Every structure is written in structure tokens, then in C-alpha cells.
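J.: Okay, handing you the structure first.
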Amino acid sequence: MKEKEIKKLLDKFNEGKCTDEELAYLQMLMQDLNRRQDTPQPVGRLKQALWDKIQAQTVNQPRISRLNTAWLKVAAVILIALFAGILGYRMFTGPKPAEVIAYQVITAPKGQMKKVLLPDNTLVQLNAGSAIRCPVKFGAAVREVTLLNGEAFFDVKHDATKPFLVHTAGVTTQVLGTSFNVKFYRELPTIQVFVNSGKVEVHDRQHTLGMYTPQQQVTYNKQNQNFSRQTIIGDHALSWMHDDLILDNVEFKEVAVYLQNRYNVNFKYAGKRLSRQHYSVRFSNKLTINQVLDILQFIDGRKYRLNEDVVTIK
């Protein structure tokens, strides 16, 4: 994308007119800038100042917005300065042309799951309503994928010379060859990485969150950057890929996210929302949305009414 196009995109963001895909692109842009090694020192300091503002904004934010874009409002103006600094620096120093990498965004639409074979023969299964960004061809040193939103299971082809990395909003999962699940929904406050086989290293921008082995899961809070380690018994963490969807002790927001993506519906609250109530549910993947709503109505006593693709809750 050219500088003029980026500025147009930032102007569109400032007007609040960005689509989900455009917001995801801006997030990826910030991740790419954060990983650059060839920027001059003043620009590097500006990048660090930007991330500090992002962190402060996130910590002070009492709630996570649906698209988790509060930090982008801080970043929009500084992004233009970053690009101007980088482009001006290159004009005067004339560095050697960098390798051009072509990227693709792979999406599983709502209501459908998708299996994808990456260029290195790594198998990825995407949950409904999920999307990843990856190169059309991996480079020589590393294999990098970004989970833009949703949930994905990675069965990574082993390559001891080329680490495999999955980026999700500041948290990176690194392996050589293993299988693991990453859950990152913009609407939810946490990122979760569950290890199915092998060994996985997880870290954020500042800390290593540890090594994880089969049946272990790390839960990372996007607001305060705290994390915890759990041992998951059974196949609950991967149930979305099998016959039943199992959710243990979760808030209704998480139940709604799964159902909205699986059945391609939207939840609308006509009455008072339940706060802090937790659910433990098991839904067969063969159930219709009406059957699922009947179960929820039995559990919490609220009325669920489906009209076309909108579920009204009273």
C-alpha cells in the first residue's frame, strides 16, 4: 500500500468509517512497524512512545470495546509521522531494496469452518468467523502468521531451521513443529493458547510468558497484561472442532460470540444484560439455532426470540 493510500485509510479511521478488515490491516501495520530493525533512532523512539501510549490507554480502559480499537485512536496521527520519518530516512540513506513479500488474508465466513494448507504444509483449521494473514510464500528465516480475529488450530510442519510464529494483538506463540490452538476474539478480554502436542513458547512485547506442554493453556488478559497457566482436562479446549461445543464457567459474552459466528446471527439486548453470571454449557453441533436458544432460555430464564438473523434477548 502506497503512502497516499495509507493516509486515506487513516483519515477514514479518524472518521469512524473503517471496516473490520481495514481495522485489522492497521493493527498489522503497527505490528510490522514494531518489528522493523532498519528504522533510524528518532523514529524508533517515536515507535516506543506510541506503544507506551497504547499500553496506558489499554490499562486505563475500563472495558474492551467490540473492535478493540481504542489504541488506534492514539496511533492514527503518529502513524503518519512514522511513515514520513521512515520514507525520508530512506530517501537520504538509499538502503538496498528489501525483499517484497506478498500476503494473503484467509477467512472462514460466519456459519462455516475452513481447513487451510499453508505454503510449508502446516495445516490450519479456522473456526467460523475467523481470519488469518500469512505470506503467499514463507521467507528463508522464519514462518509468520497473524491471527486477525477468531480461533485457529495449527498443526505445524516441523522445521528446526525455521521457527513458526503466530501473532495476536501483541502476543506471539513460537514453535518449531507442534499442534496448538489460539483463541483471540476482539470482543473478549483475553487471548488463550492451548497446547495439543509438542512444546510452545509464548511471549508478549516485553516478557516471556513461559513454555507450555500438552494439555496446558495460557490465558492472557489484554487489559492488564496479566497471565495464568492452566491444565485442561479432556478435549474442552478443542471441542469447537468436534461434535460438541463445550464452554466451562464463561460469561454470556463468550457464549454469544461463539453462537453468533457459528450460526451467523446477531444478539440484541432488549432488557437488562446479565452481569458477571457464568455459564457451563455443552451444545451439539447438530443442533439448530432455535434448539440452542431453547436451552439458553431454560438455563437463565430469559426470553430469546429469533427474527431472521437477529436474536432478541429480554
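Chain labels follow the order of the C-alpha cells: the first chain is A, the next B, and so on; residue numbering restarts at 1 in every chain, and ligands are counted from 1 in their shown order.
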Excluding stretch 197-203 of chain A and residues on its chain fewer than 5 positions from it, collect all residues at most 7 Å away from it, counting only C-alpha atoms, and give them as a ChimeraX atom specification.
T.: /A:171-175,178-180,208-214
J.: Could you please take those selected residues and save all heavy atoms as a compact mmCIF listing (two decimals), in the first residue's frame?
T.:
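Now in result_19.txt:
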```txt
# COMPACT_ATOMS: atom_id res chain seq x y z
N VAL A 171 0.71 -10.58 21.45
CA VAL A 171 1.14 -11.86 22.00
C VAL A 171 1.59 -12.75 20.84
O VAL A 171 0.90 -12.87 19.83
CB VAL A 171 -0.01 -12.54 22.77
CG1 VAL A 171 0.38 -13.96 23.18
CG2 VAL A 171 -0.37 -11.73 24.00
N THR A 172 2.76 -13.37 21.01
CA THR A 172 3.33 -14.22 19.96
C THR A 172 3.53 -15.63 20.48
O THR A 172 4.07 -15.83 21.58
CB THR A 172 4.67 -13.66 19.46
OG1 THR A 172 4.45 -12.38 18.87
CG2 THR A 172 5.30 -14.59 18.43
N THR A 173 3.11 -16.60 19.71
CA THR A 173 3.30 -18.02 20.01
C THR A 173 4.34 -18.56 19.04
O THR A 173 4.20 -18.41 17.82
CB THR A 173 1.99 -18.79 19.86
OG1 THR A 173 0.98 -18.19 20.69
CG2 THR A 173 2.17 -20.25 20.25
N GLN A 174 5.40 -19.19 19.58
CA GLN A 174 6.51 -19.65 18.74
C GLN A 174 6.74 -21.14 18.93
O GLN A 174 6.81 -21.63 20.06
CB GLN A 174 7.79 -18.87 19.08
CG GLN A 174 9.00 -19.30 18.26
CD GLN A 174 10.20 -18.39 18.47
OE1 GLN A 174 10.04 -17.22 18.81
NE2 GLN A 174 11.39 -18.91 18.27
N VAL A 175 6.87 -21.85 17.80
CA VAL A 175 7.11 -23.30 17.84
C VAL A 175 8.05 -23.66 16.69
O VAL A 175 8.34 -22.85 15.81
CB VAL A 175 5.80 -24.10 17.71
CG1 VAL A 175 4.80 -23.70 18.78
CG2 VAL A 175 5.18 -23.91 16.33
N THR A 178 4.61 -28.50 16.08
CA THR A 178 3.72 -28.96 17.14
C THR A 178 2.29 -28.63 16.74
O THR A 178 2.04 -28.11 15.66
CB THR A 178 4.08 -28.29 18.48
OG1 THR A 178 3.25 -28.80 19.50
CG2 THR A 178 3.89 -26.79 18.41
N SER A 179 1.33 -28.91 17.62
CA SER A 179 -0.06 -28.54 17.34
C SER A 179 -0.63 -27.79 18.54
O SER A 179 -0.41 -28.18 19.69
CB SER A 179 -0.90 -29.78 17.03
OG SER A 179 -0.92 -30.69 18.11
N PHE A 180 -1.34 -26.72 18.25
CA PHE A 180 -1.86 -25.87 19.32
C PHE A 180 -3.03 -25.05 18.81
O PHE A 180 -3.23 -24.90 17.59
CB PHE A 180 -0.76 -24.95 19.86
CG PHE A 180 -0.17 -24.03 18.82
CD1 PHE A 180 -0.60 -22.72 18.68
CD2 PHE A 180 0.83 -24.48 17.97
CE1 PHE A 180 -0.06 -21.88 17.72
CE2 PHE A 180 1.39 -23.65 17.00
CZ PHE A 180 0.94 -22.35 16.88
N THR A 208 8.54 -12.93 28.47
CA THR A 208 8.27 -14.31 28.09
C THR A 208 7.24 -14.87 29.05
O THR A 208 7.41 -14.81 30.27
CB THR A 208 9.56 -15.15 28.13
OG1 THR A 208 10.49 -14.64 27.18
CG2 THR A 208 9.26 -16.61 27.81
N LEU A 209 6.17 -15.42 28.52
CA LEU A 209 5.09 -15.95 29.35
C LEU A 209 5.30 -17.42 29.67
O LEU A 209 4.46 -18.03 30.33
CB LEU A 209 3.74 -15.75 28.66
CG LEU A 209 3.45 -14.31 28.17
CD1 LEU A 209 2.05 -14.22 27.59
CD2 LEU A 209 3.64 -13.30 29.28
N GLY A 210 6.40 -17.99 29.18
CA GLY A 210 6.75 -19.36 29.56
C GLY A 210 6.65 -20.36 28.43
O GLY A 210 6.20 -20.07 27.32
N MET A 211 7.11 -21.59 28.74
CA MET A 211 6.99 -22.72 27.84
C MET A 211 5.79 -23.55 28.28
O MET A 211 5.56 -23.74 29.48
CB MET A 211 8.25 -23.58 27.88
CG MET A 211 9.50 -22.87 27.40
SD MET A 211 9.52 -22.58 25.62
CE MET A 211 9.48 -24.26 25.00
N TYR A 212 5.06 -24.09 27.32
CA TYR A 212 3.85 -24.83 27.62
C TYR A 212 3.88 -26.17 26.89
O TYR A 212 4.36 -26.27 25.76
CB TYR A 212 2.61 -24.02 27.22
CG TYR A 212 2.48 -22.76 28.05
CD1 TYR A 212 3.19 -21.61 27.71
CD2 TYR A 212 1.69 -22.74 29.19
CE1 TYR A 212 3.10 -20.46 28.48
CE2 TYR A 212 1.60 -21.60 29.98
CZ TYR A 212 2.30 -20.46 29.61
OH TYR A 212 2.23 -19.33 30.39
N THR A 213 3.38 -27.20 27.57
CA THR A 213 3.40 -28.57 27.07
C THR A 213 1.96 -29.08 26.94
O THR A 213 1.02 -28.40 27.34
CB THR A 213 4.21 -29.46 28.03
OG1 THR A 213 3.67 -29.32 29.35
CG2 THR A 213 5.68 -29.06 28.04
N PRO A 214 1.76 -30.29 26.38
CA PRO A 214 0.41 -30.77 26.11
C PRO A 214 -0.55 -30.68 27.30
O PRO A 214 -0.17 -30.95 28.44
CB PRO A 214 0.64 -32.22 25.69
CG PRO A 214 1.97 -32.18 25.03
CD PRO A 214 2.78 -31.20 25.82
```
J.: Please give the complete set of residues from stretch 154-233 of chain A that DSSP, run on the backbone, assigns to strand (DSSP E), formatted as a PyMOL selection string.
T.: chain A and resi 154-155+164-168+171-175+179-184+190-197+200-203+208-212+216-221+227-231
J.: Write out as a tab-separated table the residues of stretch 147-201 of chain A that have any atom within 12 Å of an atom of stretch 245-266 of chain A, one row each with the nearest atom pair and its distance in Å to one decimal, counting only C-alpha atoms, sorted by chain and then rising number.
T.:
```
residue	atom	partner	partner_atom	distance
A:Asn149	CA	A:Asn261	CA	11.3
A:Gly150	CA	A:Asn261	CA	9.0
A:Glu151	CA	A:Tyr258	CA	10.0
A:Lys183	CA	A:Tyr258	CA	11.2
A:Phe184	CA	A:Val257	CA	11.2
A:Tyr185	CA	A:Val257	CA	8.1
A:Arg186	CA	A:Val257	CA	9.8
A:Glu187	CA	A:Val257	CA	7.7
A:Leu188	CA	A:Glu254	CA	6.9
A:Pro189	CA	A:Glu254	CA	9.7
A:Thr190	CA	A:Glu254	CA	10.5
```
J.: How would the residues just chosen look if you wrote them out with N, CA and C atoms as a short mmCIF file (atom, residue, chain, number, x, y, z; two decimals), in the first residue's frame?
T.:
```cif
data_model
loop_
_atom_site.label_atom_id
_atom_site.label_comp_id
_atom_site.auth_asym_id
_atom_site.auth_seq_id
_atom_site.Cartn_x
_atom_site.Cartn_y
_atom_site.Cartn_z
N ASN A 149 -8.55 -12.36 13.91
CA ASN A 149 -9.70 -12.45 14.80
C ASN A 149 -10.21 -13.88 14.79
N GLY A 150 -10.72 -14.34 15.93
CA GLY A 150 -11.34 -15.65 15.97
C GLY A 150 -10.49 -16.71 16.64
N GLU A 151 -10.55 -17.91 16.08
CA GLU A 151 -9.89 -19.06 16.69
C GLU A 151 -9.34 -19.97 15.60
N LYS A 183 -6.92 -18.69 20.58
CA LYS A 183 -8.24 -18.03 20.60
C LYS A 183 -8.05 -16.54 20.86
N PHE A 184 -8.46 -15.72 19.88
CA PHE A 184 -8.34 -14.28 20.00
C PHE A 184 -9.54 -13.62 19.34
N TYR A 185 -10.55 -13.31 20.16
CA TYR A 185 -11.72 -12.59 19.68
C TYR A 185 -11.63 -11.15 20.18
N ARG A 186 -11.85 -10.20 19.27
CA ARG A 186 -11.74 -8.80 19.65
C ARG A 186 -12.73 -8.44 20.76
N GLU A 187 -13.88 -9.12 20.79
CA GLU A 187 -14.90 -8.79 21.77
C GLU A 187 -14.57 -9.28 23.18
N LEU A 188 -13.65 -10.24 23.30
CA LEU A 188 -13.36 -10.86 24.58
C LEU A 188 -12.09 -10.29 25.19
N PRO A 189 -11.98 -10.28 26.52
CA PRO A 189 -10.85 -9.61 27.19
C PRO A 189 -9.55 -10.40 27.21
N THR A 190 -9.58 -11.67 26.80
CA THR A 190 -8.37 -12.49 26.94
C THR A 190 -7.97 -13.14 25.61
#
```
J.: Please indicate the distance in Å from atom CA of A:Asn221 to atom CA of A:Ile191, rounded to one decimal place.
T.: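 Going from atom CA of A:Asn221 over to atom CA of A:Ile191 covers 6.6 Å.
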J.: Can you list every residue in stretch 208-281 of chain A that DSSP puts in alpha helix (DSSP H), as a ChimeraX atom specification?
T.: /A:252-263
J.: Counting only C-alpha atoms, what is within 12 Å of A:Asn290, bar same-chain residues fewer than 2 positions away, as an MDAnalysis selection string?
T.: chainID A and resid 259 263 265 286:288 292:297 303:311
J.: Could you tell me how far atom CA of A:Val195 sits from atom CA of A:His236, in Å to one decimal place?
T.: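 Computing it gives 12.2 Å between the two atoms.
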J.: From the set A:Val193, A:Cys134, A:Leu148, A:Met113, which residue has the shortest atom-to-atom contact distance to A:His242, counting only C-alpha atoms?
T.: A:Met113
J.: Using only C-alpha atoms for the distances, tell me which of A:Ala108, A:Leu118, A:Val156, A:Ile289 is nearest to A:Ser130.
T.: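 Counting only C-alpha atoms, the residue closest to A:Ser130 is A:Ala108.
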